[in-house]
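Structure file work_27.cif; described as mmCIF, C-alpha atoms.
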data_query
loop_
_atom_site.label_atom_id
_atom_site.label_comp_id
_atom_site.auth_asym_id
_atom_site.auth_seq_id
_atom_site.Cartn_x
_atom_site.Cartn_y
_atom_site.Cartn_z
CA MET M 18 0.00 0.00 0.00
CA ALA M 19 2.87 2.35 0.77
CA ARG M 20 4.24 1.74 -2.69
CA ARG M 21 0.94 2.73 -4.25
CA GLY M 22 0.94 5.95 -2.24
CA ARG M 23 4.44 6.78 -3.45
CA LEU M 24 3.44 6.18 -7.07
CA ARG M 25 0.41 8.39 -6.62
CA ALA M 26 2.54 11.14 -5.06
CA LEU M 27 5.04 10.80 -7.93
CA TRP M 28 2.20 11.06 -10.45
CA TRP M 29 0.75 14.19 -8.88
CA GLY M 30 4.22 15.69 -8.56
CA ALA M 31 4.87 15.12 -12.30
CA LEU M 32 1.49 16.59 -13.16
CA GLY M 33 2.25 19.63 -11.00
CA ALA M 34 5.64 20.07 -12.68
CA CYS M 35 4.01 19.97 -16.12
CA GLY M 36 1.43 22.48 -14.96
CA ALA M 37 4.15 24.77 -13.64
CA TYR M 38 6.09 24.36 -16.90
CA TYR M 39 3.17 25.18 -19.21
CA PHE M 40 1.46 27.78 -17.02
CA ASP M 41 4.60 29.68 -16.06
CA PRO M 42 3.74 33.43 -16.17
CA ASP M 43 6.91 34.31 -18.12
CA ARG M 44 7.26 31.56 -20.75
CA GLY M 45 4.12 29.45 -20.36
CA ARG M 46 2.25 31.03 -23.25
CA SER M 47 5.05 30.33 -25.77
CA ARG M 48 5.47 26.78 -24.44
CA ARG M 49 1.73 26.12 -24.84
CA ALA M 50 1.82 27.56 -28.37
CA ARG M 51 4.81 25.41 -29.29
CA LEU M 52 3.09 22.31 -27.86
CA ALA M 53 -0.06 23.09 -29.86
CA ASP M 54 2.06 23.49 -33.03
CA GLN M 55 3.85 20.18 -32.39
CA VAL M 56 0.58 18.33 -31.79
CA ALA M 57 -0.93 19.81 -34.96
CA SER M 58 2.19 18.90 -36.94
CA ALA M 59 2.11 15.31 -35.69
CA ARG M 60 -1.58 15.08 -36.60
CA ARG M 61 -0.89 16.40 -40.13
CA GLN M 62 2.00 13.98 -40.62
CA ARG M 63 -0.15 11.06 -39.50
CA GLN M 64 -2.95 12.20 -41.82
CA LYS M 65 -0.50 12.36 -44.75
CA ALA M 66 0.76 8.87 -43.94
CA VAL M 67 -2.81 7.52 -43.82
CA GLU M 68 -3.66 9.17 -47.15
CA ALA M 69 -0.48 7.84 -48.76
CA GLU M 70 -1.28 4.32 -47.57
CA ALA M 71 -4.83 4.66 -48.94
CA ARG M 72 -3.47 5.79 -52.33
CA TYR M 73 -1.03 2.88 -52.35
CA GLN M 74 -3.78 0.36 -51.53
CA GLU M 75 -6.00 1.89 -54.22
CA GLY M 76 -3.22 1.55 -56.78
CA GLN M 77 -2.63 -2.06 -55.76
CA LEU M 78 -6.33 -2.79 -56.20
CA GLN M 79 -6.41 -1.11 -59.61
CA GLY M 80 -3.39 -3.15 -60.69
CA ASP M 81 -4.99 -6.38 -59.49
CA LEU M 82 -8.19 -5.55 -61.37
CA ALA M 83 -6.25 -4.69 -64.53
CA ARG M 84 -4.26 -7.93 -64.36
CA ALA M 85 -7.48 -9.88 -63.81
CA ALA M 86 -8.88 -8.24 -66.96
CA GLY M 87 -5.81 -9.37 -68.94
CA ALA M 88 -3.64 -6.28 -68.86
CA GLY M 89 0.08 -6.82 -68.60
CA THR M 90 0.12 -10.10 -70.46
CA PHE M 91 2.15 -10.46 -73.61
CA THR M 92 0.00 -10.52 -76.74
CA PRO M 93 2.17 -10.67 -79.85
CA GLU M 94 1.12 -8.82 -82.97
CA ASP M 95 3.54 -10.48 -85.37
CA ASP M 96 6.44 -12.93 -85.61
CA ILE M 97 8.98 -10.23 -84.76
CA ASP M 98 7.27 -9.68 -81.41
CA ILE M 99 7.35 -13.42 -80.75
CA ALA M 100 11.03 -13.64 -81.69
CA ASN M 101 11.88 -10.73 -79.38
CA GLU M 102 9.97 -12.39 -76.55
CA VAL M 103 11.78 -15.69 -77.21
CA HIS M 104 15.14 -13.91 -77.06
CA ALA M 105 14.10 -12.28 -73.77
CA ALA M 106 12.95 -15.64 -72.37
CA ILE M 107 16.19 -17.48 -73.11
CA SER M 108 18.54 -14.63 -72.27
CA GLY M 109 17.75 -15.01 -68.56
CA LEU M 110 18.92 -18.62 -68.43
CA ASP M 111 22.14 -19.73 -66.77
CA ALA M 112 23.33 -21.42 -69.97
CA ALA M 113 25.29 -19.41 -72.54
CA THR M 114 22.62 -18.82 -75.20
CA SER M 115 24.55 -16.36 -77.35
CA ASP M 116 25.12 -19.10 -79.95
CA VAL M 117 21.39 -19.82 -80.30
CA THR M 118 19.67 -18.42 -83.39
CA VAL M 119 15.91 -17.96 -83.34
CA GLU M 120 13.62 -17.72 -86.37
CA VAL M 121 9.85 -17.38 -86.07
CA VAL M 122 7.52 -17.88 -89.02
CA ASP M 123 3.75 -18.10 -88.50
CA GLY M 124 4.28 -18.86 -84.81
CA VAL M 125 6.72 -21.72 -85.47
CA ALA M 126 9.99 -21.08 -83.62
CA THR M 127 13.09 -22.67 -85.13
CA LEU M 128 16.13 -22.88 -82.85
CA ARG M 129 19.61 -23.44 -84.24
CA GLY M 130 22.99 -23.51 -82.54
CA GLN M 131 24.88 -25.39 -79.91
CA LEU M 132 24.67 -25.56 -76.14
CA ALA M 133 27.03 -27.14 -73.63
CA THR M 134 24.69 -29.70 -72.02
CA PRO M 135 21.57 -31.66 -72.92
CA ALA M 136 19.88 -30.12 -69.87
CA ALA M 137 20.52 -26.65 -71.32
CA ILE M 138 18.96 -27.73 -74.63
CA ASP M 139 15.88 -29.04 -72.80
CA GLU M 140 15.63 -25.89 -70.70
CA VAL M 141 15.84 -23.60 -73.75
CA THR M 142 13.22 -25.53 -75.72
CA SER M 143 10.82 -25.68 -72.76
CA ARG M 144 11.28 -21.96 -72.13
CA VAL M 145 10.53 -21.22 -75.80
CA ARG M 146 7.40 -23.43 -75.73
CA ALA M 147 6.09 -21.34 -72.83
CA VAL M 148 6.24 -18.07 -74.80
CA ALA M 149 2.82 -16.75 -75.82
CA GLY M 150 2.28 -16.98 -79.56
CA VAL M 151 4.63 -19.92 -80.14
CA VAL M 152 2.64 -22.66 -81.85
CA GLU M 153 5.46 -25.14 -82.40
CA VAL M 154 9.16 -25.41 -81.59
CA ARG M 155 11.61 -26.96 -84.04
CA SER M 156 14.87 -27.51 -82.25
CA PHE M 157 18.09 -28.04 -84.18
CA LEU M 158 20.16 -27.39 -81.08
CA HIS M 159 23.08 -29.73 -80.53
CA LEU M 160 26.10 -30.31 -78.33
CA PRO M 161 29.56 -29.01 -79.31
CA GLY M 162 31.35 -31.46 -81.62
CA THR M 163 28.15 -33.15 -82.76
CA PRO M 164 26.31 -32.40 -85.98
CA ALA M 165 23.00 -30.58 -85.94
CA PRO M 166 19.99 -32.93 -86.02
CA ASN M 167 19.00 -31.75 -89.50
CA LYS M 168 22.55 -32.34 -90.85
CA ALA M 169 23.26 -35.79 -89.36
CA ALA M 170 21.65 -37.76 -92.21
CA SER M 171 23.47 -35.85 -94.97
CA LEU M 172 26.82 -36.16 -93.18
CA ALA M 173 26.31 -39.91 -92.72
CA ALA M 174 25.49 -40.32 -96.45
CA SER M 175 28.65 -38.59 -97.62
#

Exercise: express the given structure as structure tokens:
Amino acid sequence: MARRGRLRALWWGALGACGAYYFDPDRGRSRRARLADQVASARRQRQKAVEAEARYQEGQLQGDLARAAGAGTFTPEDDIDIANEVHAAISGLDAATSDVTVEVVDGVATLRGQLATPAAIDEVTSRVRAVAGVVEVRSFLHLPGTPAPNKAASLAAS
């Protein structure tokens, strides 16, 4: 109980000190004005933060609605668009794809060149199949030192 009385006395003492600080006859008026300005500033900052969050959430919702309506998805207009998208799709792979040539005619993607591993060849062809607008993939990719699949028969005949 004595502890509670001490806390109460401490509380009233702090309240009295604040009262003396803000109602001081010499500087109390300026201190109260500064406190009012600081409270108003904090309220304005909080209001700005709430409005910014609301604008952000509204933009997120608009983006979700636009994506649900089909915006932001690749829709090729011609074979050049498809070829550019194929190049973009395979350029992000870990395998060195600089030796891969891509031709697209009527949605049929033809891949020529050589890659270091069979896994890289599979990864490139599967990545190309996933590109919107690609109807078929013809892969003439091969490993270094081996003939291209479309040349093997002619080389064996000669």

Please evaluate the PyMOL selection byres ((chain M and resi 129) around 12) against the displayed coordinates and give the resulting residues as a VMD selection string.
-> chain M and resid 114 to 121 126 to 128 130 to 132 138 141 to 142 154 to 160 164 to 168

Identify all residues satisfying the PyMOL selection byres ((chain M and resi 95) around 12) in the given file; provide them as a list of chain:residue names.
-> M:Phe91, M:Thr92, M:Pro93, M:Glu94, M:Asp96, M:Ile97, M:Asp98, M:Ile99, M:Ala100, M:Asn101, M:Glu102, M:Val121, M:Val122, M:Asp123, M:Gly124, M:Val125, M:Ala149, M:Gly150, M:Val151

How many Å lie between CA of Arg44 in chain M and CA of Arg60 in chain M, rounded to one decimal?
-> 24.5 Å

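When CA of Ala88 in chain M is paired with CA of Tyr73 in chain M, their separation reads 19.1 Å.
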
Can you tell me how far CA of Glu75 in chain M sits from CA of Ala59 in chain M, in Å to one decimal?
->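 A separation of 24.3 Å between them.
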
Do you know which residues are at most 8 Å from Tyr39 in chain M counting only C-alpha atoms, after dropping those on the same chain fewer than 5 positions away, and could you put them as an MDAnalysis selection string?
-> chainID M and resid 44:46 48:49

Matched chain/residue IDs from the PyMOL selection byres ((chain M and resi 140) around 12), as a tab-separated table (two decimals) with C-alpha atoms, in the coordinates of the input:
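File result17.tsv, as written:
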chain	number	residue	atom	x	y	z
M	106	ALA	CA	12.95	-15.64	-72.37
M	107	ILE	CA	16.19	-17.48	-73.11
M	108	SER	CA	18.54	-14.63	-72.27
M	109	GLY	CA	17.75	-15.01	-68.56
M	110	LEU	CA	18.92	-18.62	-68.43
M	111	ASP	CA	22.14	-19.73	-66.77
M	112	ALA	CA	23.33	-21.42	-69.97
M	113	ALA	CA	25.29	-19.41	-72.54
M	114	THR	CA	22.62	-18.82	-75.20
M	132	LEU	CA	24.67	-25.56	-76.14
M	133	ALA	CA	27.03	-27.14	-73.63
M	134	THR	CA	24.69	-29.70	-72.02
M	135	PRO	CA	21.57	-31.66	-72.92
M	136	ALA	CA	19.88	-30.12	-69.87
M	137	ALA	CA	20.52	-26.65	-71.32
M	138	ILE	CA	18.96	-27.73	-74.63
M	139	ASP	CA	15.88	-29.04	-72.80
M	141	VAL	CA	15.84	-23.60	-73.75
M	142	THR	CA	13.22	-25.53	-75.72
M	143	SER	CA	10.82	-25.68	-72.76
M	144	ARG	CA	11.28	-21.96	-72.13
M	145	VAL	CA	10.53	-21.22	-75.80
M	146	ARG	CA	7.40	-23.43	-75.73
M	147	ALA	CA	6.09	-21.34	-72.83
M	156	SER	CA	14.87	-27.51	-82.25
M	158	LEU	CA	20.16	-27.39	-81.08
